[in-house]
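Chemist: You'll find data_0.cif just under this line, and it carries mmCIF, C-alpha atoms.
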```cif
data_final
loop_
_atom_site.label_atom_id
_atom_site.label_comp_id
_atom_site.auth_asym_id
_atom_site.auth_seq_id
_atom_site.Cartn_x
_atom_site.Cartn_y
_atom_site.Cartn_z
CA CYS F 1 0.00 0.00 0.00
CA PRO F 2 1.27 3.54 -0.64
CA PHE F 3 0.58 4.87 2.81
CA ARG F 4 0.31 3.56 6.31
CA ARG F 5 0.19 5.04 9.76
CA LEU F 6 1.18 2.36 12.22
CA ALA F 7 -1.48 1.92 14.88
CA ALA F 8 -1.30 0.79 18.48
CA SER F 9 -4.47 0.26 20.52
CA GLY F 10 -6.54 2.45 18.19
CA ILE F 11 -4.13 5.40 18.12
CA ALA F 12 -2.53 6.11 14.78
CA PHE F 13 1.05 7.31 14.83
CA LEU F 14 2.83 8.84 11.87
CA VAL F 15 6.36 7.52 11.85
CA GLY F 16 8.64 9.68 9.73
CA ILE F 17 11.53 7.22 9.50
CA GLY F 18 11.19 3.91 11.21
CA LEU F 19 8.79 1.63 12.97
CA LEU F 20 6.76 1.87 16.13
CA GLY F 21 6.26 -1.24 18.21
CA ARG F 22 4.74 -2.07 21.57
CA ALA F 23 5.87 -4.61 24.15
CA ASN F 24 4.48 -4.88 27.67
CA GLY F 25 3.09 -1.36 27.67
CA MET F 26 6.26 0.18 26.27
CA TYR F 27 6.47 2.04 22.97
CA PHE F 28 9.75 1.69 21.09
CA VAL F 29 10.68 3.94 18.19
CA ASP F 30 13.10 2.45 15.67
CA HIS F 31 15.05 5.28 14.08
CA SER F 32 14.14 8.72 15.18
CA LEU F 33 10.95 10.55 14.36
CA LEU F 34 7.51 10.11 15.88
CA GLN F 35 4.88 12.60 14.83
CA VAL F 36 1.31 12.62 16.09
CA ARG F 37 -0.95 14.43 13.66
CA HIS F 38 -4.12 12.53 12.97
CA SER F 39 -5.55 9.88 15.26
CA THR F 40 -8.70 8.75 16.92
CA SER F 41 -9.18 10.17 20.39
CA ARG F 42 -8.15 7.62 22.97
CA SER F 43 -6.22 7.38 26.22
CA PHE F 44 -3.46 4.96 27.14
CA VAL F 45 -3.21 3.82 30.73
CA GLY F 46 0.09 2.15 31.61
CA ARG F 47 0.50 -1.01 33.65
CA GLY F 48 -0.61 -0.99 37.29
CA SER F 49 -3.18 1.02 39.14
CA LEU F 50 -3.94 4.61 38.15
CA ASN F 51 -2.96 7.13 40.80
CA GLN F 52 -3.38 10.49 39.08
CA ALA F 53 -4.26 13.07 41.70
CA ALA F 54 -3.30 16.19 39.76
CA VAL F 55 -6.13 18.04 37.99
CA LEU F 56 -6.08 20.60 35.22
CA THR F 57 -8.61 22.99 36.77
CA GLU F 58 -6.90 26.23 37.85
CA THR F 59 -3.52 24.63 37.26
CA VAL F 60 -0.41 26.82 37.47
CA TRP F 61 1.63 25.92 34.39
CA LYS F 62 5.41 26.13 34.23
CA ASN F 63 7.18 26.74 30.92
CA ALA F 64 8.57 23.27 30.18
CA SER F 65 11.30 24.41 27.77
CA GLU F 66 12.92 26.59 30.47
CA GLN F 67 13.16 23.99 33.24
CA CYS F 68 16.13 21.79 32.32
CA ALA F 69 19.52 21.78 30.62
CA GLU F 70 19.99 19.76 27.43
CA ASN F 71 22.25 17.01 28.82
CA VAL F 72 20.26 15.99 31.92
CA VAL F 73 17.42 13.66 32.80
CA CYS F 74 14.63 16.22 33.13
CA VAL F 75 12.08 15.39 35.84
CA VAL F 76 8.57 16.82 36.01
CA PRO F 77 7.95 16.55 39.79
CA ALA F 78 4.74 15.11 41.17
CA GLY F 79 2.25 17.92 41.86
CA GLU F 80 3.71 20.19 39.14
CA ALA F 81 2.26 20.90 35.69
CA TRP F 82 4.49 21.84 32.74
CA LEU F 83 3.30 23.25 29.42
CA LEU F 84 5.41 22.66 26.31
CA SER F 85 4.99 25.77 24.13
CA ALA F 86 8.40 25.81 22.41
CA ASN F 87 11.03 23.34 21.20
CA MET F 88 12.66 21.41 24.02
CA THR F 89 15.81 19.26 24.02
CA VAL F 90 16.87 17.15 27.00
CA ASP F 91 18.82 13.93 27.41
CA ALA F 92 15.74 12.20 28.80
CA LEU F 93 12.36 13.08 30.27
CA LYS F 94 10.79 11.55 33.36
CA ILE F 95 7.18 12.63 34.04
CA GLU F 96 5.88 12.32 37.61
CA GLY F 97 3.41 15.23 37.39
CA ILE F 98 1.65 16.62 34.29
CA PHE F 99 3.41 17.34 31.00
CA LYS F 100 1.07 18.96 28.48
CA TRP F 101 1.66 19.78 24.83
CA ASP F 102 0.48 23.25 23.80
CA ASP F 103 -2.19 22.49 21.18
CA THR F 104 -2.22 26.07 19.85
CA VAL F 105 1.44 26.47 18.80
CA PRO F 106 2.59 24.99 15.45
CA GLY F 107 5.82 23.15 14.84
CA ILE F 108 6.84 22.16 18.38
CA VAL F 109 9.53 19.45 18.56
CA LEU F 110 10.49 17.55 21.71
CA THR F 111 13.96 15.96 21.41
CA ILE F 112 14.82 13.22 23.93
CA GLY F 113 16.88 10.08 24.39
CA TRP F 114 14.00 8.38 26.22
CA LEU F 115 10.72 9.27 27.91
CA ASN F 116 9.20 7.52 30.93
CA VAL F 117 5.83 8.45 32.44
CA GLU F 118 6.11 7.42 36.09
CA PRO F 119 3.24 6.04 38.25
CA GLY F 120 0.71 8.85 38.70
CA GLY F 121 2.26 10.89 35.89
CA ASN F 122 0.32 12.23 32.93
CA LEU F 123 1.52 12.97 29.39
CA LYS F 124 -1.12 15.00 27.56
CA VAL F 125 -0.88 15.55 23.81
CA GLY F 126 -4.10 17.23 22.70
CA SER F 127 -7.52 16.57 24.20
CA ALA F 128 -10.95 15.38 23.11
CA VAL F 129 -12.15 18.98 22.74
CA ALA F 130 -8.87 20.33 21.30
CA PRO F 131 -7.11 17.54 19.40
CA ILE F 132 -3.72 18.06 17.80
CA GLY F 133 -4.35 19.50 14.34
CA ALA F 134 -7.56 21.36 15.24
CA VAL F 135 -5.50 24.56 14.92
CA PRO F 136 -4.04 24.59 11.36
CA GLY F 137 -0.35 23.74 11.26
CA VAL F 138 -0.19 22.31 14.77
CA THR F 139 1.60 18.96 15.05
CA ALA F 140 3.28 17.13 17.91
CA THR F 141 6.72 15.78 17.01
CA ILE F 142 8.86 13.69 19.35
CA TYR F 143 12.41 13.14 18.05
CA ILE F 144 14.14 10.26 19.82
CA LYS F 145 17.91 10.58 19.62
CA ARG F 146 20.23 7.76 18.59
CA THR F 147 21.52 7.43 22.13
CA ALA F 148 21.14 8.98 25.57
CA ILE F 149 23.99 10.03 27.85
CA ASN F 150 22.02 8.85 30.88
CA GLN F 151 20.66 5.36 30.34
CA HIS F 152 17.45 4.25 32.04
CA PRO F 153 18.33 1.57 34.63
CA VAL F 154 15.79 -0.90 33.21
CA HIS F 155 14.97 0.06 29.63
CA GLY F 156 18.18 1.70 28.43
CA ASP F 157 17.34 4.40 25.89
CA ARG F 158 15.28 5.17 22.79
CA PHE F 159 11.84 4.38 24.18
CA LEU F 160 8.55 5.94 25.29
CA ASN F 161 7.02 4.12 28.24
CA GLY F 162 4.17 4.45 30.73
CA ASN F 163 3.90 2.44 33.94
CA GLY F 164 0.88 2.98 36.21
CA SER F 165 0.49 6.30 34.42
CA THR F 166 -1.74 8.03 31.89
CA ILE F 167 -0.72 8.85 28.33
CA ASP F 168 -3.40 10.89 26.53
CA ILE F 169 -2.95 11.41 22.79
CA HIS F 170 -5.77 13.02 20.81
CA GLY F 171 -5.62 13.92 17.13
CA LEU F 172 -8.04 14.70 14.33
CA PRO F 173 -9.95 11.58 13.26
CA MET F 174 -9.24 10.01 9.89
CA ALA F 175 -11.61 7.74 7.99
CA ARG F 176 -8.66 5.76 6.60
CA THR F 177 -4.97 5.84 7.45
CA TRP F 178 -3.82 3.88 4.39
CA CYS F 179 -5.04 2.74 0.99
CA LEU F 180 -3.86 0.95 -2.14
CA LEU F 181 -2.76 2.53 -5.36
CA ASN F 182 -5.20 2.28 -8.26
CA ARG F 183 -2.39 2.53 -10.80
CA THR F 184 1.28 1.64 -10.79
CA ALA F 185 3.54 4.47 -9.63
CA ARG F 186 6.82 4.34 -11.51
CA ALA F 187 10.09 5.38 -9.89
CA GLY F 188 10.28 9.17 -9.88
CA SER F 189 6.51 9.67 -10.21
CA THR F 190 5.04 12.76 -8.56
CA GLU F 191 1.40 11.72 -8.98
CA LEU F 192 -0.47 8.94 -7.19
CA PHE F 193 -3.83 7.51 -8.24
CA LEU F 194 -5.57 6.08 -5.18
CA ASN F 195 -8.42 3.65 -4.61
CA PHE F 196 -10.22 6.16 -2.38
CA ASP F 197 -10.85 9.90 -2.35
CA PRO F 198 -8.04 11.46 -0.23
CA SER F 199 -10.33 14.19 1.08
CA ALA F 200 -12.94 11.64 2.14
CA MET F 201 -10.21 9.72 3.96
CA GLY F 202 -9.22 12.87 5.83
CA TRP F 203 -5.90 13.41 4.04
CA LYS F 204 -4.87 17.04 3.52
CA VAL F 205 -2.28 19.09 1.69
CA GLY F 206 0.82 19.22 3.86
CA ASP F 207 0.38 15.70 5.26
CA ARG F 208 3.33 13.37 4.93
CA ILE F 209 2.77 9.93 3.46
CA GLY F 210 4.85 6.77 3.21
CA LEU F 211 5.03 4.86 -0.06
CA ALA F 212 5.79 1.17 0.51
CA THR F 213 8.27 -0.45 -1.84
CA THR F 214 7.24 -3.54 -3.83
CA SER F 215 10.84 -4.73 -4.12
CA MET F 216 13.75 -5.22 -1.73
CA GLY F 217 14.39 -1.48 -1.85
CA THR F 218 13.66 1.18 0.72
CA SER F 219 10.19 2.64 1.26
CA THR F 220 10.01 6.40 0.75
CA LYS F 221 8.31 9.33 2.44
CA HIS F 222 6.67 12.26 0.66
CA GLN F 223 4.54 15.31 1.31
CA ILE F 224 1.18 16.00 -0.35
CA VAL F 225 1.31 19.35 -2.15
CA ALA F 226 -1.99 19.18 -4.07
CA ILE F 227 -5.18 17.11 -4.25
CA ARG F 228 -7.44 17.41 -7.29
CA GLU F 229 -9.99 15.49 -9.33
CA ALA F 230 -8.54 12.98 -11.78
CA THR F 231 -9.23 13.38 -15.47
CA ASP F 232 -10.77 9.94 -15.94
CA GLU F 233 -12.19 6.93 -14.09
CA ARG F 234 -13.48 9.32 -11.43
CA LEU F 235 -10.27 8.97 -9.43
CA VAL F 236 -8.64 11.51 -7.19
CA LEU F 237 -5.07 12.53 -7.81
CA ALA F 238 -2.59 13.26 -5.04
CA SER F 239 0.52 15.10 -6.19
CA ALA F 240 3.61 14.74 -4.01
CA VAL F 241 7.12 16.14 -4.01
CA ALA F 242 9.39 13.14 -4.44
CA GLY F 243 11.65 12.52 -1.49
CA GLN F 244 10.19 15.26 0.71
#
```
Turn this file's structure into structure tokens for me.
Modeler:
Amino acid sequence: CPFRRLAASGIAFLVGIGLLGRANGMYFVDHSLLQVRHSTSRSFVGRGSLNQAAVLTETVWKNASEQCAENVVCVVPAGEAWLLSANMTVDALKIEGIFKWDDTVPGIVLTIGWLNVEPGGNLKVGSAVAPIGAVPGVTATIYIKRTAINQHPVHGDRFLNGNGSTIDIHGLPMARTWCLLNRTARAGSTELFLNFDPSAMGWKVGDRIGLATTSMGTSTKHQIVAIREATDERLVLASAVAGQ
């Protein structure tokens, strides 16, 4: 198929380069880029009992990007609430309180070696009433570095994990997250004929798609730059910039 967002427990993740897998409640990212853009609204609850006492009503938010140096394990203490409104780079992130993504600011990137949501902690990326993508241009990108200076004592590095915690990820719903090509796309093609209407599936200009290889080669990623009616067979044409 030309496009796939890998799903885990009903949440669709857009993986820029690599694969997302789940084992025992832990989310591993192979290679480096995890971007949440479109997904069904759902909450993940990690292993163990939920002990989330912090509430969002009248919460005093701290600016997350100003709390820690780049080469440390950054800890969100229990009872505190941090708001990520700008790019943030730390060696690792441990969430014991609340860590919330600002769903009104476009282009935020969180760069980490690993991320662990501790018992009672809460990672919030969008909400049911304000999902990521509701404001045009807003995405949530987590870049997991090749290695961390400070290894986690159990899991090492390059992971996103929740244990007895809450991970809330809400994105705009999509009718379909992948489909088949209706016609062969030759190497170097900038047009894709799909089996379904991209607009009806929820795909938009600016979205990134993955085109799966049919050989032993490497699958490629692209960005949709235009969607228009096809000239025949009542198909819809998605035009993409090759390699971008």
Chemist: Compile the contact shell of F:Lys100 as a ChimeraX atom specification: residues with an atom at most 10 Å away, counting only C-alpha atoms, same-chain residues fewer than 2 positions apart removed.
Modeler: /F:56,61,64,81-85,97-98,102-103,122-127,168
Chemist: For stretch 176-195 of chain F, take all atoms listed in the file, fit an axis-aligned box around them, add 5 Å to each of the six sides, then output centre and edge lengths in Å rounded to one decimal, as lines of an AutoDock Vina configuration file.
Modeler:
```
center_x = 0.8
center_y = 6.9
center_z = -2.0
size_x = 28.9
size_y = 21.8
size_z = 29.0
```
Chemist: To one decimal place in Å, what is the distance between atom CA of F:Leu93 and atom CA of F:Leu115?
Modeler: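 Separation between atom CA of F:Leu93 and atom CA of F:Leu115: 4.8 Å.
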Chemist: Using all atoms listed in the file, find the one residue out of F:Asn116, F:Thr104, F:Asn195, F:Ser215 that sits nearest to F:Cys179.
Modeler: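 Among the listed residues, F:Asn195 lies closest to F:Cys179.
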Chemist: Let me know the residues the PyMOL selection byres ((chain F and resi 152) around 12) catches in the file above, as a list of chain:residue names.
Modeler: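 In the shown coordinates, the PyMOL selection byres ((chain F and resi 152) around 12) covers F:Val73, F:Asp91, F:Ala92, F:Leu93, F:Lys94, F:Gly113, F:Trp114, F:Leu115, F:Asn116, F:Thr147, F:Ala148, F:Ile149, F:Asn150, F:Gln151, F:Pro153, F:Val154, F:His155, F:Gly156, F:Asp157, F:Arg158, F:Phe159, F:Leu160, F:Asn161.
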Chemist: Atom CA of F:Ala140 and atom CA of F:Ala212, how far apart in Å?
Modeler: 23.7 Å
Chemist: For F:Glu66, which residue among F:Leu192, F:Ala78, F:Met88, F:Leu172 is the nearest when counting all atoms listed in the file?
Modeler: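 Distance minimum relative to F:Glu66 lands on F:Met88.
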Chemist: One decimal, Å: what's the distance from atom CA of F:Leu194 over to atom CA of F:Asn182, could you say?
Modeler: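 Atom-to-atom, atom CA of F:Leu194 and atom CA of F:Asn182 are spaced 4.9 Å apart.
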Chemist: Using all atoms listed in the file, can you tell me which of F:Ile167, F:Gly188, F:Glu80, F:Val135 comes closest to F:Val60?
Modeler: F:Glu80
Chemist: For this file, the PyMOL selection byres ((chain F and resi 198-203) around 9) selects which residues, as an NGL selection string?
Modeler: :F and (38 or 172-178 or 194-197 or 204-207 or 224 or 227 or 236-238)
Chemist: Name the residues captured by the PyMOL selection byres ((chain F and resi 89) around 9) when it is applied to the shown file; answer as a PyMOL selection string.
Modeler: chain F and resi 65+68-71+87-88+90-92+109-112
Chemist: Which of these residues is nearest to F:Thr190, using all atoms listed in the file: F:Ile108, F:Met216, F:Ile132, F:Ala226?
Modeler: F:Ala226
Chemist: Given the choices F:Ala185, F:Pro131, F:Val105, F:Gly120, which gets closest to F:Thr166 if the distance is worked out from only C-alpha atoms?
Modeler: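 Comparing F:Ala185, F:Pro131, F:Val105, F:Gly120 against F:Thr166, the winner is F:Gly120.
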Chemist: Which polymer residues, whether protein, DNA or RNA, lie within 6 Å of the coordinate (9.5, 7.9, -1.1) when you count only C-alpha atoms? List them as a count of residues only, using the chain letters and numbers from the file.
Modeler: 6
Chemist: Compare F:Ser189, F:Thr184, F:Ser165, F:Gln67 by their minimum atom-to-atom distance to F:Val117, counting all atoms listed in the file, and give me the closest one.
Modeler: F:Ser165
